[in-house]
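S.K.: Sharing a structure below in structure tokens format, with a few things to ask.
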Amino acid sequence: MRVSELLKFNPIIVQCHDNPDADAIASAYAMYTYFMANAKNVRMVYCGNNAIQKSNLMLLTDYLGIKDKLEHIPKWENDEFEGLVLTVDCQYGAGNVTKIPSKYQAIIDHHQVEISDVELSEIASDMGSCSTLIWKLLKDEGFAFDDAKLCTGLYFGLYTDTNSLSEIYNPYDKDMRDLLAYEKSVVHFLKNSNFSLDELEIAGNAMRGYRYYPENRFAIIKSEQCDPNILGLISDFLLQVAEVDEGIVYNEWPNGYKFSVRSCVKEVHANELAAFIAENVGSGGGHREKAGGFIRKDLYDQKYDIPTGEFFSQRVEEYFRSFEVIHAAKYDIDLTGMKKYIKKKVHQGYVLAKDVLPVGTPVMIRTLEGDIDTVVEEDLVIMIGIKGEVYSSRLEKFNRSYTATDDKYTDDVSIRKPDYIPTLYNRVDGRMIELAPYARVCISSGATQIFARPTYKRMKIFTQWYDETYMEGKVGDYLAVRTDDYHDIYIIEKDIFSDTYEEMN
Ligand SMILES: [Mn+2]
């Protein structure tokens with residue numbers, strides 16, 4: 001959905017979820033501003049019994065100048081609203097938002113899809129905040145983000161929804177974080193009015209009830225229901241305990257369990273552990289050291305019949321049993337059970353880095369898988385794989401494996417339309433450059449030969465190129481080694497393997 005499609009409606013109500021948080025408020029304010037700029041008759045509303053009380057939210061509405069404009073209507077007593085109700089940071093008809101009967105409905109949200117019968121819907125479940133989604137949607141309409149208060153509000157929405165930005169993983173979240181011109185002093189002030197004295201007590205009580213598992217040096221804490229940021233605060237604290245290498249802090253919500261994960265060892269990435277814990281019952285992710293996630297109660301109840309404390313400790317133990325670590329540089333690969341494959345003539349994208357920026361420029365390449373720091377060199381080639389995944393190569397190696405063409409690279413060159421076209425950040429001036437206009441098509445020449453087999457266990461591969469962090473392989477992904485270099489060991493995801501390789505006879 002494009003937000004310009006909503007301009008045909010008038011009047012409009014933008015509705016936050018009940019007990020709105022900073023993300024909901026900022027989202028509503030942004031859409032309100034957009035509709036006002038398009039001369040709509042628009043109102044901002046939230047329902048439910050509770051008026052906003054949390055100190056930083058009062059400060060936020062005050063700062064945005066919407067103390068009177070954001071209406072608190074505990075329950076809609078009037079007739080059906082004759083215009084459009086747009087719910088932001090929640091889904092019209094879902095349990096966390098009181099229904100305003102209306103002629104038309106629309107949804108902009110970033111939670112798991114709960115409501116699927118509202119046609120005008122934009123739900124991006126993998127974004128850290130609804131503010132990010134709205135930022136992207138408005139940017140797509142050419143909206144100028146020249147209102148500092150609006151920018152600051154959106155930034156703060158993302159900040160509070162991602163545990164102080166530490167649990168960000170979506171590249172759009174990172175783009176908004178890096179590109180918004182927000183007022184630093186305001187954010188600094190807002191974030192230091194985050195907890196109440198009651199919440200201080202909740203954190204203190206929670207910490208006294210820790211459970212420690214010495215074998216793998218991890219600890220688990222359950223907290224009472226509280227602002228999600230407190231989970232982050234407790235887990236940051238927990239990780240600083242000498243005996244603790246990984247920590248999990250969680251609590252219960254009406255529709256599930258929120259949890260925060262921390263790790264301080266290089267063999268365990270917090271984002272991966274979070275995703276593992278939530279596998280099949282929710283979602284999780286974030287950074288290597290800090291991550292978080294959500295377990296859905298409906299899915300949990302279908303699959304598990306044990307107390308949640310036990311679930312978390314069981315999942316962590318399963319996690320530690322589930323993987324094998326390979327240090328490729330020193331590893332003796334066993335070719336038993338591996339078959340020989342050749343790379344198909346697939347079309348991919350490539351960019352010669354020196355065409356974009358001068359040699360010597362420090363850059364950061366933002367991709368779906370994460371940010372890569374590097375420096376533009378004479379022979380640096382940035383490759384865009386068949387799912388939009390990005391990796392770097394050297395001209396000499398590139399020429400051995402690919403035939404370069406001058407055809408322009410577009411989305412539909414890839415076998416799957418990429419979710420995010422990579423961008424390059426110039427570290428010198430902080431400017432963002434989209435790589436798509438520089439990208440050309442290359443065709444793999446079929447010279448790449450590998451031995452590969454499906455993995456039966458999760459893999460963590462510290463490659464011979466980089467051993468600070470590992471490449472992760474899930475069960476069913478392929479463990480691959482180049483036939484011309486037995487230490488060039490890596491992982492190829494299951495769902496792209498058959499599209500890119502064929503067996504040799
Ligand atoms: Mn949100």
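Order determines the names: the first chain of the structure tokens is A, the second B, and so forth; residues in each chain are numbered 1 upward, and ligands are numbered 1 upward as they are shown.
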Let me see if you get this right: every residue at most 8 Å from ligand 1, counting only C-alpha atoms and all ligand atoms, written as a list in words.
M.R.: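 Counting only what the definition allows, namely only C-alpha atoms and all ligand atoms, the set is Asp21, Ala22, Asp23, Ala24, Asp89, Cys90, Asp109, His110, His111, Gly128, Ser129, Cys130, Ser131, Gly157, Leu158 and Asp161 of chain A.
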S.K.: Which residues are near range 399-408 of chain A? Cut-off 8 Å, only C-alpha atoms, ignore same chain within fewer than 2 positions. Put them as a list in words.
M.R.: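 Contacts, with the query itself left out: Leu395, Glu396, Lys397, Thr410, Pro437, Tyr438, Ala439, Arg440, Val441, Cys442, Ile443, Ser444, Ser445, Gly446, Ala447 and Thr448 of chain A.
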S.K.: What's the separation between CA of Gln302 in chain A and CA of Asp477 in chain A, in Å to one decimal place?
M.R.: 27.2 Å
S.K.: Write down as a VMD selection string the residues of range 222-435 of chain A whose backbone DSSP state falls under helix (DSSP H, G or I).
M.R.: chain A and resid 228 to 239 270 to 278 297 to 303 308 to 321 328 to 330 353 to 356 395 to 401 411 to 413
S.K.: Could you tell me how far CA of Gly284 in chain A lies from CA of Glu324 in chain A, in Å and to one decimal?
M.R.: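 So the two atoms, CA of Gly284 in chain A and CA of Glu324 in chain A, lie 21.4 Å apart.
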S.K.: May I have all residues of range 226-460 of chain A that DSSP, computed from the backbone, assigns to strand (DSSP E or B), given as a ChimeraX atom specification?
M.R.: /A:246-253,256-263,282-286,290-296,323-327,339-343,347-352,362-367,370-375,380-384,390-394,402-408,423-426,432-434,440-444,449-454,458-460
S.K.: What is the distance, in Å and to one decimal place, between CA of Arg394 in chain A and CA of Lys354 in chain A?
M.R.: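 Straight-line distance from CA of Arg394 in chain A to CA of Lys354 in chain A works out to 12.1 Å.
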S.K.: I'd like the neighbourhood of range 224-234 of chain A as a list in words, where a residue qualifies if any of its atoms comes within 6 Å (using only C-alpha atoms), though same-chain residues fewer than 5 positions away should be ignored.
M.R.: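 Surrounding residues, per the criterion: Asn163, Val249, Asn251, Glu252 and Ser260 of chain A.
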S.K.: Which of these, A:Ile306, A:Arg458, A:Thr374, A:Leu352, has the shortest distance to Phe398 in chain A once you count only C-alpha atoms?
M.R.: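 Of the candidates, the smallest distance to Phe398 in chain A is held by A:Leu352.
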S.K.: Excluding Gly95 in chain A and any residue of its chain fewer than 2 positions from it, enumerate the residues within 12 Å of it, using only C-alpha atoms, and give them as JSON, numbers by chain.
M.R.: {"A": [17, 18, 48, 90, 91, 92, 93, 97, 98, 99, 114, 115, 254, 255]}
S.K.: Counting only C-alpha atoms, what is within 9 Å of Met31 in chain A, bar same-chain residues fewer than 2 positions away, as a list in words?
M.R.: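 My reading of the contact set: Val3, Val14, Ala26, Ser27, Ala28, Tyr29, Thr33, Tyr34, Phe35, Met36, Val88, Ile134 and Leu138 of chain A.
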S.K.: Export, as a short mmCIF file (atom, residue, chain, number, x, y, z; two decimals), in the first residue's frame, the selected residues with N, CA, C and O atoms.
M.R.:
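As written to disk, selection_38.cif reads:
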```cif
data_model
loop_
_atom_site.label_atom_id
_atom_site.label_comp_id
_atom_site.auth_asym_id
_atom_site.auth_seq_id
_atom_site.Cartn_x
_atom_site.Cartn_y
_atom_site.Cartn_z
N VAL A 3 0.85 5.33 1.00
CA VAL A 3 0.00 6.16 1.86
C VAL A 3 -0.80 7.17 1.05
O VAL A 3 -1.84 7.64 1.50
N VAL A 14 -6.60 9.01 12.90
CA VAL A 14 -5.40 8.18 13.07
C VAL A 14 -5.44 7.68 14.50
O VAL A 14 -5.47 8.48 15.44
N ALA A 26 4.49 8.71 17.95
CA ALA A 26 5.27 9.31 16.86
C ALA A 26 4.66 8.93 15.50
O ALA A 26 4.58 9.76 14.60
N SER A 27 4.23 7.68 15.38
CA SER A 27 3.62 7.23 14.13
C SER A 27 2.36 8.02 13.83
O SER A 27 2.13 8.47 12.71
N ALA A 28 1.53 8.18 14.87
CA ALA A 28 0.28 8.92 14.68
C ALA A 28 0.58 10.37 14.29
O ALA A 28 -0.03 10.93 13.37
N TYR A 29 1.56 10.95 14.96
CA TYR A 29 1.90 12.34 14.69
C TYR A 29 2.40 12.51 13.25
O TYR A 29 2.04 13.47 12.56
N THR A 33 0.52 14.73 10.48
CA THR A 33 1.20 15.82 9.78
C THR A 33 1.02 15.68 8.26
O THR A 33 0.78 16.66 7.56
N TYR A 34 1.15 14.45 7.80
CA TYR A 34 1.01 14.18 6.37
C TYR A 34 -0.41 14.53 5.89
O TYR A 34 -0.59 15.19 4.86
N PHE A 35 -1.41 14.10 6.65
CA PHE A 35 -2.79 14.37 6.25
C PHE A 35 -3.10 15.87 6.33
O PHE A 35 -3.79 16.41 5.48
N MET A 36 -2.57 16.52 7.37
CA MET A 36 -2.77 17.98 7.49
C MET A 36 -2.18 18.69 6.29
O MET A 36 -2.78 19.60 5.72
N VAL A 88 -2.34 2.88 13.67
CA VAL A 88 -0.88 2.83 13.53
C VAL A 88 -0.27 2.09 14.72
O VAL A 88 -0.75 2.20 15.85
N ILE A 134 6.60 4.07 8.66
CA ILE A 134 5.97 5.31 8.21
C ILE A 134 6.99 6.24 7.56
O ILE A 134 6.73 6.88 6.55
N LEU A 138 6.43 7.48 3.81
CA LEU A 138 6.36 8.91 3.50
C LEU A 138 7.49 9.32 2.57
O LEU A 138 7.33 10.17 1.69
#
```
S.K.: With only C-alpha atoms as the atoms that count, which of A:Ala144, A:Val381, A:Leu6, A:Met44 lies nearest to Ile108 in chain A?
M.R.: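 Result for the nearest residue to Ile108 in chain A: A:Leu6.
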S.K.: Glu183 in chain A: which residues within 9 Å, counting only C-alpha atoms, same-chain residues fewer than 6 positions away excluded, as an MDAnalysis selection string?
M.R.: chainID A and resid 148:149 151:152
S.K.: Applying 9 Å and only C-alpha atoms, which residues near Gly247 in chain A remain after dropping the ones on its own chain fewer than 2 positions away? List them as an mmCIF file with C-alpha atoms, in the first residue's frame.
M.R.:
```cif
data_model
loop_
_atom_site.group_PDB
_atom_site.id
_atom_site.type_symbol
_atom_site.label_atom_id
_atom_site.label_comp_id
_atom_site.auth_asym_id
_atom_site.auth_seq_id
_atom_site.Cartn_x
_atom_site.Cartn_y
_atom_site.Cartn_z
ATOM 1 C CA ARG A 217 27.560 -20.056 31.864
ATOM 2 C CA PHE A 218 24.150 -18.606 31.166
ATOM 3 C CA ALA A 219 21.517 -17.056 33.411
ATOM 4 C CA ILE A 220 17.773 -16.491 33.102
ATOM 5 C CA ILE A 221 15.627 -13.917 34.830
ATOM 6 C CA SER A 235 19.983 -8.047 30.833
ATOM 7 C CA ASP A 236 22.734 -5.469 30.305
ATOM 8 C CA LEU A 238 23.198 -9.394 34.135
ATOM 9 C CA LEU A 239 25.848 -9.797 31.450
ATOM 10 C CA VAL A 244 27.659 -15.013 33.088
ATOM 11 C CA ASP A 245 28.474 -15.268 29.349
ATOM 12 C CA VAL A 249 15.489 -11.764 30.649
ATOM 13 C CA SER A 260 15.998 -9.864 25.780
ATOM 14 C CA VAL A 261 19.229 -11.761 25.072
ATOM 15 C CA ARG A 262 22.849 -10.809 25.713
ATOM 16 C CA SER A 263 26.119 -12.554 24.911
#
```
S.K.: Find the residue from A:Ile73, A:Met1, A:Ala94, A:Cys264 that sits nearest to Leu120 in chain A; use only C-alpha atoms when measuring.
M.R.: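 Among the listed residues, A:Met1 lies closest to Leu120 in chain A.
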